[in-house]
>>> print(open('upload-v3.cif').read())   # mmCIF, C-alpha atoms
data_upload
loop_
_atom_site.label_atom_id
_atom_site.label_comp_id
_atom_site.auth_asym_id
_atom_site.auth_seq_id
_atom_site.Cartn_x
_atom_site.Cartn_y
_atom_site.Cartn_z
CA MET A 1 -27.37 4.58 26.64
CA ARG A 2 -30.74 2.94 27.00
CA ARG A 3 -31.84 4.44 23.70
CA ARG A 4 -28.75 3.08 21.98
CA THR A 5 -29.47 -0.38 23.34
CA LEU A 6 -33.00 -0.18 22.00
CA LEU A 7 -31.79 0.92 18.58
CA ALA A 8 -29.25 -1.89 18.49
CA ALA A 9 -31.95 -4.41 19.42
CA VAL A 10 -34.24 -3.14 16.68
CA ALA A 11 -31.44 -3.22 14.11
CA ALA A 12 -30.43 -6.72 15.15
CA ALA A 13 -34.03 -7.97 15.03
CA ALA A 14 -34.48 -6.47 11.57
CA GLY A 15 -31.25 -8.06 10.32
CA LEU A 16 -29.85 -4.77 9.14
CA VAL A 17 -26.33 -4.83 7.81
CA SER A 18 -24.02 -2.05 8.75
CA GLY A 19 -21.54 -1.43 6.01
CA ALA A 20 -19.95 1.24 8.14
CA ARG A 21 -18.65 -0.84 10.94
CA ALA A 22 -19.02 -4.47 10.08
CA GLY A 23 -20.73 -6.96 7.86
CA TRP A 24 -23.89 -6.74 9.92
CA ALA A 25 -25.27 -5.27 13.08
CA GLY A 26 -24.74 -8.32 15.28
CA ASP A 27 -21.04 -8.43 14.46
CA ARG A 28 -20.21 -4.77 14.85
CA ARG A 29 -18.06 -5.54 17.85
CA VAL A 30 -15.96 -8.17 16.14
CA GLN A 31 -13.62 -5.76 14.43
CA GLY A 32 -10.08 -5.46 15.64
CA LEU A 33 -7.82 -7.91 17.47
CA LEU A 34 -9.63 -11.01 18.76
CA ILE A 35 -7.49 -13.08 21.09
CA HIS A 36 -8.64 -16.67 21.58
CA PRO A 37 -8.69 -17.81 25.22
CA THR A 38 -7.46 -21.18 23.97
CA PRO A 39 -5.46 -21.52 20.75
CA ARG A 40 -7.49 -23.17 17.99
CA PRO A 41 -6.28 -25.82 15.56
CA VAL A 42 -6.43 -24.52 11.98
CA PRO A 43 -8.56 -26.75 9.74
CA PRO A 44 -6.89 -28.28 6.65
CA LEU A 45 -6.70 -25.45 4.10
CA PRO A 46 -5.92 -26.21 0.45
CA LEU A 47 -3.89 -23.47 -1.22
CA LEU A 48 -2.93 -22.94 -4.83
CA GLY A 49 0.28 -21.03 -5.49
CA ALA A 50 2.85 -20.60 -8.22
CA GLU A 51 4.28 -24.04 -7.38
CA GLY A 52 0.88 -25.72 -7.52
CA GLU A 53 -1.29 -27.08 -4.73
CA THR A 54 0.06 -26.73 -1.23
CA SER A 55 -1.10 -26.29 2.35
CA LEU A 56 -0.06 -24.51 5.52
CA ALA A 57 2.02 -27.59 6.35
CA ALA A 58 4.58 -26.19 3.90
CA TRP A 59 5.39 -23.59 6.60
CA SER A 60 5.44 -26.16 9.38
CA GLY A 61 7.30 -24.96 12.47
CA ARG A 62 7.11 -21.28 11.55
CA PRO A 63 4.60 -18.79 12.94
CA LEU A 64 2.30 -17.36 10.29
CA LEU A 65 0.35 -14.24 9.49
CA LEU A 66 -2.35 -15.53 7.16
CA ASN A 67 -4.24 -12.71 5.49
CA LEU A 68 -7.51 -13.32 3.64
CA TRP A 69 -8.25 -10.74 0.96
CA ALA A 70 -9.99 -10.15 -2.36
CA SER A 71 -9.57 -7.60 -5.13
CA TRP A 72 -13.17 -6.43 -4.71
CA CYS A 73 -12.58 -5.60 -1.04
CA LEU A 74 -11.24 -2.04 -0.77
CA PRO A 75 -9.91 -2.28 2.79
CA CYS A 76 -8.12 -5.52 1.82
CA VAL A 77 -6.46 -3.81 -1.09
CA ALA A 78 -5.57 -0.87 1.14
CA GLU A 79 -3.55 -3.03 3.55
CA LEU A 80 -1.76 -5.18 0.97
CA PRO A 81 1.19 -2.77 0.49
CA ALA A 82 1.94 -2.95 4.24
CA LEU A 83 1.87 -6.75 4.07
CA ASP A 84 4.19 -6.63 1.06
CA ARG A 85 6.69 -4.50 3.00
CA LEU A 86 6.40 -6.76 6.04
CA HIS A 87 6.98 -9.84 3.90
CA ALA A 88 10.08 -8.28 2.35
CA ARG A 89 11.74 -7.63 5.68
CA ALA A 90 10.56 -10.76 7.54
CA ALA A 91 13.57 -12.55 9.02
CA ALA A 92 13.71 -16.33 9.15
CA ALA A 93 12.57 -16.29 12.78
CA SER A 94 9.68 -13.86 12.29
CA PRO A 95 6.19 -14.89 11.17
CA ALA A 96 5.85 -15.74 7.50
CA VAL A 97 3.37 -13.55 5.63
CA ILE A 98 0.84 -15.37 3.46
CA ALA A 99 -1.73 -13.38 1.48
CA LEU A 100 -4.53 -15.72 0.41
CA SER A 101 -6.93 -14.33 -2.14
CA LEU A 102 -10.57 -15.38 -2.22
CA ASN A 103 -10.79 -14.24 -5.82
CA ARG A 104 -12.24 -16.96 -7.97
CA ARG A 105 -10.49 -16.20 -11.23
CA GLY A 106 -7.21 -17.82 -10.34
CA LEU A 107 -3.64 -16.77 -9.82
CA ASP A 108 -3.51 -14.60 -12.93
CA SER A 109 -6.16 -12.25 -11.54
CA VAL A 110 -4.25 -12.05 -8.26
CA ARG A 111 -1.04 -11.22 -10.09
CA ALA A 112 -2.89 -8.57 -12.10
CA THR A 113 -4.06 -6.95 -8.85
CA PHE A 114 -0.55 -7.15 -7.40
CA ASP A 115 0.86 -5.49 -10.54
CA ARG A 116 -1.75 -2.75 -10.37
CA LEU A 117 -0.84 -2.04 -6.75
CA GLY A 118 2.91 -2.30 -7.27
CA ILE A 119 3.19 -5.38 -5.07
CA HIS A 120 6.18 -7.44 -6.15
CA ARG A 121 7.33 -9.38 -3.13
CA LEU A 122 4.29 -11.21 -1.80
CA ASP A 123 3.59 -14.61 -3.31
CA ALA A 124 0.17 -15.14 -4.89
CA PHE A 125 -2.09 -17.75 -3.35
CA VAL A 126 -5.74 -18.55 -4.01
CA SER A 127 -8.22 -20.89 -2.40
CA PRO A 128 -8.90 -23.58 -5.04
CA SER A 129 -12.43 -24.20 -3.74
CA GLY A 130 -13.07 -20.51 -3.07
CA LYS A 131 -14.14 -21.61 0.39
CA ALA A 132 -11.19 -20.47 2.51
CA GLY A 133 -13.40 -17.95 4.33
CA GLU A 134 -15.90 -20.66 5.14
CA ILE A 135 -13.21 -23.15 6.20
CA LEU A 136 -11.61 -20.61 8.52
CA GLY A 137 -14.88 -19.16 9.82
CA ALA A 138 -14.21 -15.72 8.35
CA PRO A 139 -17.41 -14.18 6.96
CA VAL A 140 -15.87 -10.75 6.39
CA LEU A 141 -12.72 -9.47 4.70
CA PRO A 142 -10.04 -8.62 5.46
CA THR A 143 -9.42 -11.17 8.20
CA THR A 144 -5.89 -12.02 9.29
CA LEU A 145 -5.09 -15.13 11.32
CA LEU A 146 -2.11 -15.20 13.65
CA ILE A 147 -0.89 -18.79 13.80
CA ASP A 148 1.81 -19.97 16.20
CA ARG A 149 4.68 -22.28 15.29
CA ALA A 150 2.64 -25.26 16.52
CA GLY A 151 0.08 -24.47 13.80
CA ARG A 152 -2.60 -23.11 16.14
CA GLU A 153 -4.56 -19.91 15.61
CA VAL A 154 -3.89 -17.80 18.68
CA ALA A 155 -5.64 -14.63 17.52
CA ARG A 156 -7.13 -12.97 14.48
CA TYR A 157 -7.49 -9.39 13.33
CA VAL A 158 -10.67 -8.35 11.54
CA GLY A 159 -10.30 -5.24 9.40
CA ALA A 160 -7.33 -3.56 7.76
CA ALA A 161 -4.24 -2.94 9.91
CA GLU A 162 -0.90 -1.18 9.56
CA TRP A 163 0.95 -4.48 9.51
CA ASP A 164 4.37 -2.93 9.11
CA GLY A 165 3.89 -0.42 11.93
CA ASP A 166 5.44 -0.44 15.40
CA ASP A 167 2.26 -1.67 17.10
CA ALA A 168 2.01 -4.66 14.78
CA GLY A 169 5.73 -5.24 15.30
CA ALA A 170 5.21 -5.95 19.00
CA LEU A 171 2.37 -8.32 18.18
CA LEU A 172 4.36 -10.23 15.57
CA GLN A 173 7.37 -10.42 17.85
CA ALA A 174 5.23 -11.95 20.60
CA LEU A 175 3.93 -14.48 18.08
CA ALA A 176 7.46 -15.29 16.93
CA GLN A 177 8.65 -15.76 20.51
CA ASP A 178 5.66 -17.84 21.66
CA ARG A 179 4.69 -15.16 24.16
CA ALA A 180 1.08 -14.44 25.15
CA ILE A 181 -0.70 -11.90 22.99
CA GLY A 182 -2.49 -9.10 24.82
CA PRO A 183 -5.08 -6.54 23.73
CA GLU A 184 -2.47 -3.78 24.09
CA MET A 185 -0.67 -5.31 21.09
CA ALA A 186 -3.51 -4.48 18.68
CA PRO A 187 -2.04 -3.02 15.49
CA ALA A 188 -3.08 0.42 14.27
CA VAL A 189 -6.07 0.54 11.93
CA ALA A 190 -4.96 1.08 8.33
CA LYS A 191 -5.86 4.41 6.78
CA MET A 192 -8.29 4.00 3.95
CA PRO A 193 -7.76 5.80 0.66
CA ALA A 194 -10.45 8.35 -0.19
CA THR A 195 -11.10 6.61 -3.49
CA ALA A 196 -10.70 3.12 -4.87
CA PRO A 197 -7.05 2.34 -5.62
CA MET B 1 -37.19 -3.93 29.69
CA ALA B 2 -40.85 -4.40 28.78
CA ALA B 3 -40.46 -1.95 25.87
CA TRP B 4 -37.39 -3.80 24.67
CA ARG B 5 -39.25 -7.12 24.67
CA GLY B 6 -42.15 -5.52 22.87
CA ILE B 7 -39.92 -4.26 20.10
CA VAL B 8 -38.26 -7.63 19.65
CA LEU B 9 -41.64 -9.40 19.60
CA ALA B 10 -42.94 -6.91 17.06
CA ALA B 11 -39.88 -7.47 14.88
CA VAL B 12 -40.27 -11.25 15.09
CA ALA B 13 -43.97 -10.99 14.30
CA THR B 14 -43.20 -8.74 11.34
CA SER B 15 -40.61 -11.13 9.97
CA LEU B 16 -43.03 -14.06 10.33
CA TRP B 17 -45.68 -12.07 8.52
CA LEU B 18 -43.25 -11.15 5.75
CA CYS B 19 -42.38 -14.80 5.21
CA GLY B 20 -45.98 -15.98 5.30
CA PRO B 21 -47.66 -17.74 2.39
CA ALA B 22 -49.48 -14.63 1.15
CA ALA B 23 -46.26 -12.67 0.78
CA ALA B 24 -44.50 -15.61 -0.87
CA GLN B 25 -47.10 -15.91 -3.61
CA GLN B 26 -46.60 -12.44 -5.01
CA VAL B 27 -44.25 -11.80 -7.90
CA ARG B 28 -41.32 -9.69 -6.69
CA GLN B 29 -41.21 -6.90 -9.22
CA PHE B 30 -38.39 -4.57 -10.16
CA ALA B 31 -37.36 -2.33 -13.05
CA LEU B 32 -33.63 -1.71 -13.02
CA ILE B 33 -30.55 -1.38 -15.26
CA ASN B 34 -28.10 -4.26 -15.62
CA GLN B 35 -24.31 -4.11 -15.76
CA ASP B 36 -24.45 -3.73 -19.55
CA GLY B 37 -26.72 -0.69 -19.27
CA GLN B 38 -29.86 -2.55 -20.40
CA ALA B 39 -33.25 -2.04 -18.78
CA VAL B 40 -34.43 -5.25 -17.10
CA THR B 41 -37.38 -6.37 -15.00
CA GLU B 42 -38.19 -9.57 -13.14
CA ALA B 43 -39.67 -10.82 -16.42
CA SER B 44 -36.21 -10.67 -18.03
CA TYR B 45 -35.29 -13.67 -15.90
CA ALA B 46 -38.57 -15.60 -16.25
CA GLY B 47 -38.08 -19.33 -16.46
CA ARG B 48 -34.90 -19.24 -14.42
CA VAL B 49 -34.42 -19.58 -10.68
CA ARG B 50 -32.83 -16.45 -9.25
CA VAL B 51 -30.50 -16.06 -6.31
CA MET B 52 -30.64 -12.43 -5.27
CA THR B 53 -28.95 -10.30 -2.68
CA PHE B 54 -28.87 -6.58 -1.98
CA GLY B 55 -25.82 -4.60 -1.04
CA TYR B 56 -23.24 -2.13 -2.25
CA THR B 57 -19.73 -2.38 -3.57
CA TRP B 58 -18.03 0.29 -1.51
CA CYS B 59 -17.32 -1.42 1.80
CA PRO B 60 -15.45 1.08 3.94
CA ASP B 61 -13.66 -1.06 6.49
CA ILE B 62 -14.75 -4.67 6.21
CA CYS B 63 -16.66 -6.50 3.48
CA PRO B 64 -19.09 -9.40 3.83
CA THR B 65 -18.32 -12.43 1.65
CA THR B 66 -21.94 -13.07 0.67
CA LEU B 67 -21.36 -12.75 -3.07
CA ALA B 68 -18.39 -15.11 -2.89
CA THR B 69 -20.66 -17.62 -1.14
CA ILE B 70 -23.28 -17.22 -3.86
CA ALA B 71 -20.63 -17.67 -6.56
CA ALA B 72 -19.37 -20.86 -4.90
CA ALA B 73 -22.98 -22.05 -4.59
CA LEU B 74 -23.55 -21.41 -8.30
CA ASP B 75 -20.61 -23.67 -9.08
CA ALA B 76 -21.83 -26.26 -6.61
CA VAL B 77 -25.29 -26.59 -8.20
CA GLY B 78 -23.50 -28.16 -11.14
CA THR B 79 -25.88 -29.36 -13.83
CA HIS B 80 -28.54 -26.94 -12.61
CA ALA B 81 -26.32 -23.92 -13.19
CA ALA B 82 -27.79 -22.97 -16.57
CA GLU B 83 -31.23 -22.73 -14.95
CA VAL B 84 -30.01 -20.36 -12.23
CA VAL B 85 -29.06 -16.71 -12.36
CA ALA B 86 -27.31 -14.87 -9.52
CA ILE B 87 -28.34 -11.23 -9.17
CA PHE B 88 -26.70 -8.54 -7.05
CA VAL B 89 -28.87 -5.45 -6.56
CA SER B 90 -27.10 -2.29 -5.48
CA VAL B 91 -28.72 -0.11 -2.83
CA ASP B 92 -26.12 2.57 -3.62
CA PRO B 93 -27.01 3.75 -7.15
CA ARG B 94 -25.09 6.98 -6.70
CA ARG B 95 -21.74 5.19 -6.69
CA ASP B 96 -22.66 1.83 -8.23
CA THR B 97 -22.97 2.69 -11.91
CA PRO B 98 -23.61 -0.11 -14.44
CA GLN B 99 -19.99 0.10 -15.59
CA HIS B 100 -18.69 -0.20 -12.05
CA LEU B 101 -21.03 -3.11 -11.33
CA LYS B 102 -19.84 -4.88 -14.47
CA ASP B 103 -16.29 -5.08 -13.16
CA TYR B 104 -17.47 -5.87 -9.67
CA VAL B 105 -19.77 -8.82 -10.38
CA ALA B 106 -17.29 -10.24 -12.91
CA ALA B 107 -14.81 -10.63 -10.05
CA PHE B 108 -17.20 -13.11 -8.44
CA HIS B 109 -18.67 -15.14 -11.26
CA PRO B 110 -18.85 -14.83 -15.05
CA ARG B 111 -22.60 -15.29 -14.94
CA MET B 112 -23.41 -12.95 -12.06
CA VAL B 113 -25.71 -10.05 -12.88
CA GLY B 114 -25.40 -6.62 -11.26
CA LEU B 115 -28.44 -4.34 -11.13
CA THR B 116 -28.75 -0.67 -10.29
CA GLY B 117 -31.03 2.20 -11.31
CA ASP B 118 -32.11 5.63 -10.22
CA ASP B 119 -33.01 6.26 -6.59
CA ARG B 120 -36.71 5.64 -7.13
CA ALA B 121 -36.21 2.39 -9.05
CA VAL B 122 -33.82 1.03 -6.43
CA ALA B 123 -36.17 2.05 -3.61
CA ALA B 124 -39.07 0.29 -5.35
CA ALA B 125 -37.05 -2.89 -5.90
CA ALA B 126 -35.95 -2.93 -2.26
CA ARG B 127 -39.57 -2.44 -1.15
CA ALA B 128 -40.68 -5.41 -3.26
CA PHE B 129 -38.26 -7.61 -1.29
CA ASN B 130 -38.87 -5.95 2.09
CA VAL B 131 -35.26 -4.86 2.05
CA ARG B 132 -34.45 -1.72 4.00
CA TYR B 133 -31.42 0.45 3.54
CA ALA B 134 -30.21 3.79 4.77
CA ALA B 135 -27.12 5.81 3.89
CA GLN B 136 -24.95 6.75 6.85
CA PRO B 137 -22.67 9.78 6.52
CA ALA B 138 -18.96 9.17 7.03
CA PRO B 139 -17.69 10.42 10.41
CA ALA B 140 -14.95 12.42 8.70
CA GLY B 141 -17.47 14.31 6.61
CA ASP B 142 -16.31 13.26 3.12
CA ALA B 143 -19.55 13.51 1.16
CA MET B 144 -18.77 10.47 -1.01
CA ALA B 145 -17.44 8.27 1.80
CA TYR B 146 -20.86 7.42 3.23
CA SER B 147 -21.78 3.83 4.07
CA VAL B 148 -25.15 2.16 3.56
CA ASP B 149 -26.78 0.01 6.22
CA HIS B 150 -29.00 -2.58 4.57
CA SER B 151 -30.90 -5.81 5.19
CA ALA B 152 -28.76 -8.88 4.71
CA GLY B 153 -29.88 -12.20 3.34
CA ILE B 154 -30.06 -14.23 0.16
CA TYR B 155 -33.37 -14.55 -1.67
CA VAL B 156 -34.14 -17.57 -3.83
CA ILE B 157 -36.80 -16.64 -6.37
CA ASP B 158 -38.65 -19.30 -8.33
CA ARG B 159 -39.05 -19.38 -12.11
CA LYS B 160 -42.21 -17.27 -11.86
CA GLY B 161 -40.60 -14.54 -9.80
CA ARG B 162 -42.01 -15.53 -6.42
CA LEU B 163 -40.02 -15.77 -3.20
CA ALA B 164 -39.18 -19.43 -2.62
CA ALA B 165 -36.63 -19.12 0.20
CA ARG B 166 -34.83 -16.54 2.25
CA ILE B 167 -31.43 -17.69 3.45
CA GLY B 168 -29.21 -16.09 6.08
CA HIS B 169 -26.10 -14.46 4.65
CA ARG B 170 -23.83 -16.61 6.80
CA GLU B 171 -24.97 -19.95 5.41
CA SER B 172 -22.31 -22.10 3.78
CA ALA B 173 -22.03 -22.27 0.00
CA ASP B 174 -23.09 -25.92 0.04
CA ASP B 175 -26.20 -25.09 2.06
CA VAL B 176 -27.07 -22.23 -0.29
CA ALA B 177 -26.55 -24.58 -3.25
CA ALA B 178 -28.85 -27.17 -1.66
CA ARG B 179 -31.59 -24.56 -1.19
CA ILE B 180 -31.21 -23.42 -4.80
CA ALA B 181 -31.27 -27.01 -6.09
CA ALA B 182 -34.44 -27.68 -4.09
CA VAL B 183 -36.20 -24.78 -5.83
CA VAL B 184 -34.87 -25.84 -9.25
CA ASP B 185 -36.09 -29.40 -8.64
CA LYS B 186 -39.51 -28.21 -7.58
CA GLY B 187 -40.02 -27.11 -11.17
CA GLU B 188 -41.84 -23.84 -10.41
#
>>> encode(input="upload-v3.cif", output="structure tokens")
Amino acid sequence: MRRRTLLAAVAAAAGLVSGARAGWAGDRRVQGLLIHPTPRPVPPLPLLGAEGETSLAAWSGRPLLLNLWASWCLPCVAELPALDRLHARAAAASPAVIALSLNRRGLDSVRATFDRLGIHRLDAFVSPSGKAGEILGAPVLPTTLLIDRAGREVARYVGAAEWDGDDAGALLQALAQDRAIGPEMAPAVAKMPATAP
Amino acid sequence: MAAWRGIVLAAVATSLWLCGPAAAQQVRQFALINQDGQAVTEASYAGRVRVMTFGYTWCPDICPTTLATIAAALDAVGTHAAEVVAIFVSVDPRRDTPQHLKDYVAAFHPRMVGLTGDDRAVAAAARAFNVRYAAQPAPAGDAMAYSVDHSAGIYVIDRKGRLAARIGHRESADDVAARIAAVVDKGE
């Protein structure tokens, strides 16, 4: 144990990035479900979709699952099909699924990725400034924000999850019903493909 | 506890030494292959300010957004953009072929360069920037599913190939752009 602590301290001091577990050594622990002790207001977030510029206010009053992804991020691409299925079966009362791409080549490139992956139900959104990750304080992808109907971020999930699985179902139901989210509601980690999709 | 402190102090002292004036004056050399398969060196970019970072494209479970930040910073430097080149250096030459890098960097910015090379060339380039990296085998044992731990950070290199600034990889795009613009304005 002591040796591990020493190694971690050396890695942190040297600024080594661990690709295996996180963006960098200091943030290795921040994967998984992070529940905020106090819900956080979501900063204004410009979005560009098929209908033009919009914002999260367009979903006002509905809980949201806001997923940040990019085509160059393999784990992001791996979890998109589950988000597509979740979106397709989301009832009016359940959280709306928004997949926001950080790709900088516009909606066409997002649609091209969707076509390649066979994703036909999710709507394409991009961040016009390319700064959505910065605005939302998300330095790694994928990051998924769970936003309550009052527009506050109550939790976020860092990494790829099985969003249409039973575990995630309990989490999303709690969000839809304004119930407290607990660590036992963490969704299952998505299985990664052996090769790039 | 004493040993722990000693290691941290040694690491801090090393990083201060690495960023000292003597180290900054040297030209950071490399001889690599770009995304079009052409051999390049630091001299290929002489006269332009370079924004460089090291990494690899195959992120197994989460991916840092450093290159997206650099791309946004490139746009934010505005009129300076033609004088600046963004360079991504792979520390995973086994998987990051020039062809693969071409698609990868294009997803970030039309003017981003991706460099790779053979193991020795990549190791030499990393050494020139005091970047360390080490492949970590995948827990499941798939030989090609390894990850690569590596030093993070963004390096701003002046027109002569010398280190002008080292920026943390979590800085905002506007801050990175300001640091780039400062080096461009300095005229070196």
>>> interface_residues(input="upload-v3.cif", of="chain B", to="chain A", cutoff="7 Å", atoms="only C-alpha atoms", output="PyMOL selection string")
chain B and resi 4+7-8+11+59-65+72+104+107-108+147-152+170+172
>>> resolve_selection(input="upload-v3.cif", expression="the PyMOL selection byres ((chain A and resi 63) around 12)", output="number ranges by chain")
A: 56-62, 64-66, 90-98, 145-155, 171-179
>>> resolve_selection(input="upload-v3.cif", expression="the PyMOL selection byres ((chain B and resi 187) around 10)", output="JSON, numbers by chain")
{"B": [47, 48, 49, 158, 159, 182, 183, 184, 185, 186, 188]}
>>> resolve_selection(input="upload-v3.cif", expression="the PyMOL selection byres ((chain B and resi 166) around 10)", output="list in words")
Cys19, Val51, Met52, Thr53, Gly153, Ile154, Tyr155, Val156, Ile157, Leu163, Ala164, Ala165, Ile167, Gly168, His169, Val176 and Arg179 of chain B
>>> atom_distance(input="upload-v3.cif", atom1="CA of Asp115 in chain A", atom2="CA of Asp36 in chain B")
26.9 Å
>>> atom_distance(input="upload-v3.cif", atom1="CA of Arg40 in chain A", atom2="CA of Arg85 in chain A")
27.8 Å
>>> residues_near_point(input="upload-v3.cif", point="(6.1, -2.7, 14.3)", cutoff="12 Å", atoms="all atoms listed in the file", output="list of chain:residue names")
A:Ala82, A:Leu83, A:Arg85, A:Leu86, A:Arg89, A:Ala90, A:Ser94, A:Ala161, A:Glu162, A:Trp163, A:Asp164, A:Gly165, A:Asp166, A:Asp167, A:Ala168, A:Gly169, A:Ala170, A:Leu171, A:Leu172, A:Gln173, A:Ala174, A:Met185, A:Ala186, A:Pro187, A:Ala188
>>> residues_around(input="upload-v3.cif", residues="Asn34 in chain B", least_positions_apart="5", cutoff="12 Å", atoms="only C-alpha atoms", output="list in words")
Ala39, Val40, Thr41, Glu42, Ser44, Tyr45, Ile87, Phe88, Val89, Ser90, Pro93, Asp96, Thr97, Pro98, Gln99, His100, Leu101, Lys102, Val105, Met112, Val113, Gly114, Leu115, Thr116, Gly117 and Asp118 of chain B
>>> atom_distance(input="upload-v3.cif", atom1="CA of Ala135 in chain B", atom2="CA of Ala121 in chain B")
16.2 Å
>>> build_atoms(input="upload-v3.cif", residues="range 182-188 of chain B", atoms="all heavy atoms", output="JSON list (two decimals), in the frame of the given file")
[["chain", "number", "residue", "atom", "x", "y", "z"],
["B", 182, "ALA", "N", -33.10, -27.28, -4.49],
["B", 182, "ALA", "CA", -34.44, -27.68, -4.09],
["B", 182, "ALA", "C", -35.49, -26.89, -4.87],
["B", 182, "ALA", "O", -36.52, -27.45, -5.29],
["B", 182, "ALA", "CB", -34.62, -27.49, -2.58],
["B", 183, "VAL", "N", -35.24, -25.61, -5.08],
["B", 183, "VAL", "CA", -36.20, -24.78, -5.83],
["B", 183, "VAL", "C", -36.17, -25.15, -7.31],
["B", 183, "VAL", "O", -37.23, -25.25, -7.96],
["B", 183, "VAL", "CB", -35.88, -23.29, -5.62],
["B", 183, "VAL", "CG1", -36.81, -22.41, -6.45],
["B", 183, "VAL", "CG2", -35.98, -22.91, -4.14],
["B", 184, "VAL", "N", -34.97, -25.41, -7.84],
["B", 184, "VAL", "CA", -34.87, -25.84, -9.25],
["B", 184, "VAL", "C", -35.65, -27.14, -9.45],
["B", 184, "VAL", "O", -36.43, -27.28, -10.39],
["B", 184, "VAL", "CB", -33.39, -26.02, -9.65],
["B", 184, "VAL", "CG1", -33.28, -26.68, -11.03],
["B", 184, "VAL", "CG2", -32.66, -24.69, -9.64],
["B", 185, "ASP", "N", -35.46, -28.09, -8.52],
["B", 185, "ASP", "CA", -36.09, -29.40, -8.64],
["B", 185, "ASP", "C", -37.61, -29.34, -8.52],
["B", 185, "ASP", "O", -38.31, -30.17, -9.07],
["B", 185, "ASP", "CB", -35.55, -30.35, -7.56],
["B", 185, "ASP", "CG", -34.13, -30.78, -7.87],
["B", 185, "ASP", "OD1", -33.73, -30.68, -9.04],
["B", 185, "ASP", "OD2", -33.40, -31.18, -6.93],
["B", 186, "LYS", "N", -38.08, -28.33, -7.79],
["B", 186, "LYS", "CA", -39.51, -28.21, -7.58],
["B", 186, "LYS", "C", -40.22, -27.90, -8.91],
["B", 186, "LYS", "O", -41.40, -28.16, -9.08],
["B", 186, "LYS", "CB", -39.79, -27.10, -6.54],
["B", 186, "LYS", "CG", -41.04, -27.34, -5.74],
["B", 186, "LYS", "CD", -41.16, -26.29, -4.65],
["B", 186, "LYS", "CE", -42.60, -26.20, -4.18],
["B", 186, "LYS", "NZ", -42.87, -24.95, -3.48],
["B", 187, "GLY", "N", -39.49, -27.31, -9.83],
["B", 187, "GLY", "CA", -40.02, -27.11, -11.17],
["B", 187, "GLY", "C", -40.88, -25.87, -11.34],
["B", 187, "GLY", "O", -41.44, -25.64, -12.41],
["B", 188, "GLU", "N", -41.00, -25.04, -10.28],
["B", 188, "GLU", "CA", -41.84, -23.84, -10.41],
["B", 188, "GLU", "C", -40.99, -22.61, -10.66],
["B", 188, "GLU", "O", -39.87, -22.54, -10.22],
["B", 188, "GLU", "CB", -42.67, -23.64, -9.13],
["B", 188, "GLU", "CG", -43.77, -24.66, -9.04],
["B", 188, "GLU", "CD", -44.69, -24.36, -7.86],
["B", 188, "GLU", "OE1", -44.41, -23.43, -7.09],
["B", 188, "GLU", "OE2", -45.69, -25.07, -7.74]]
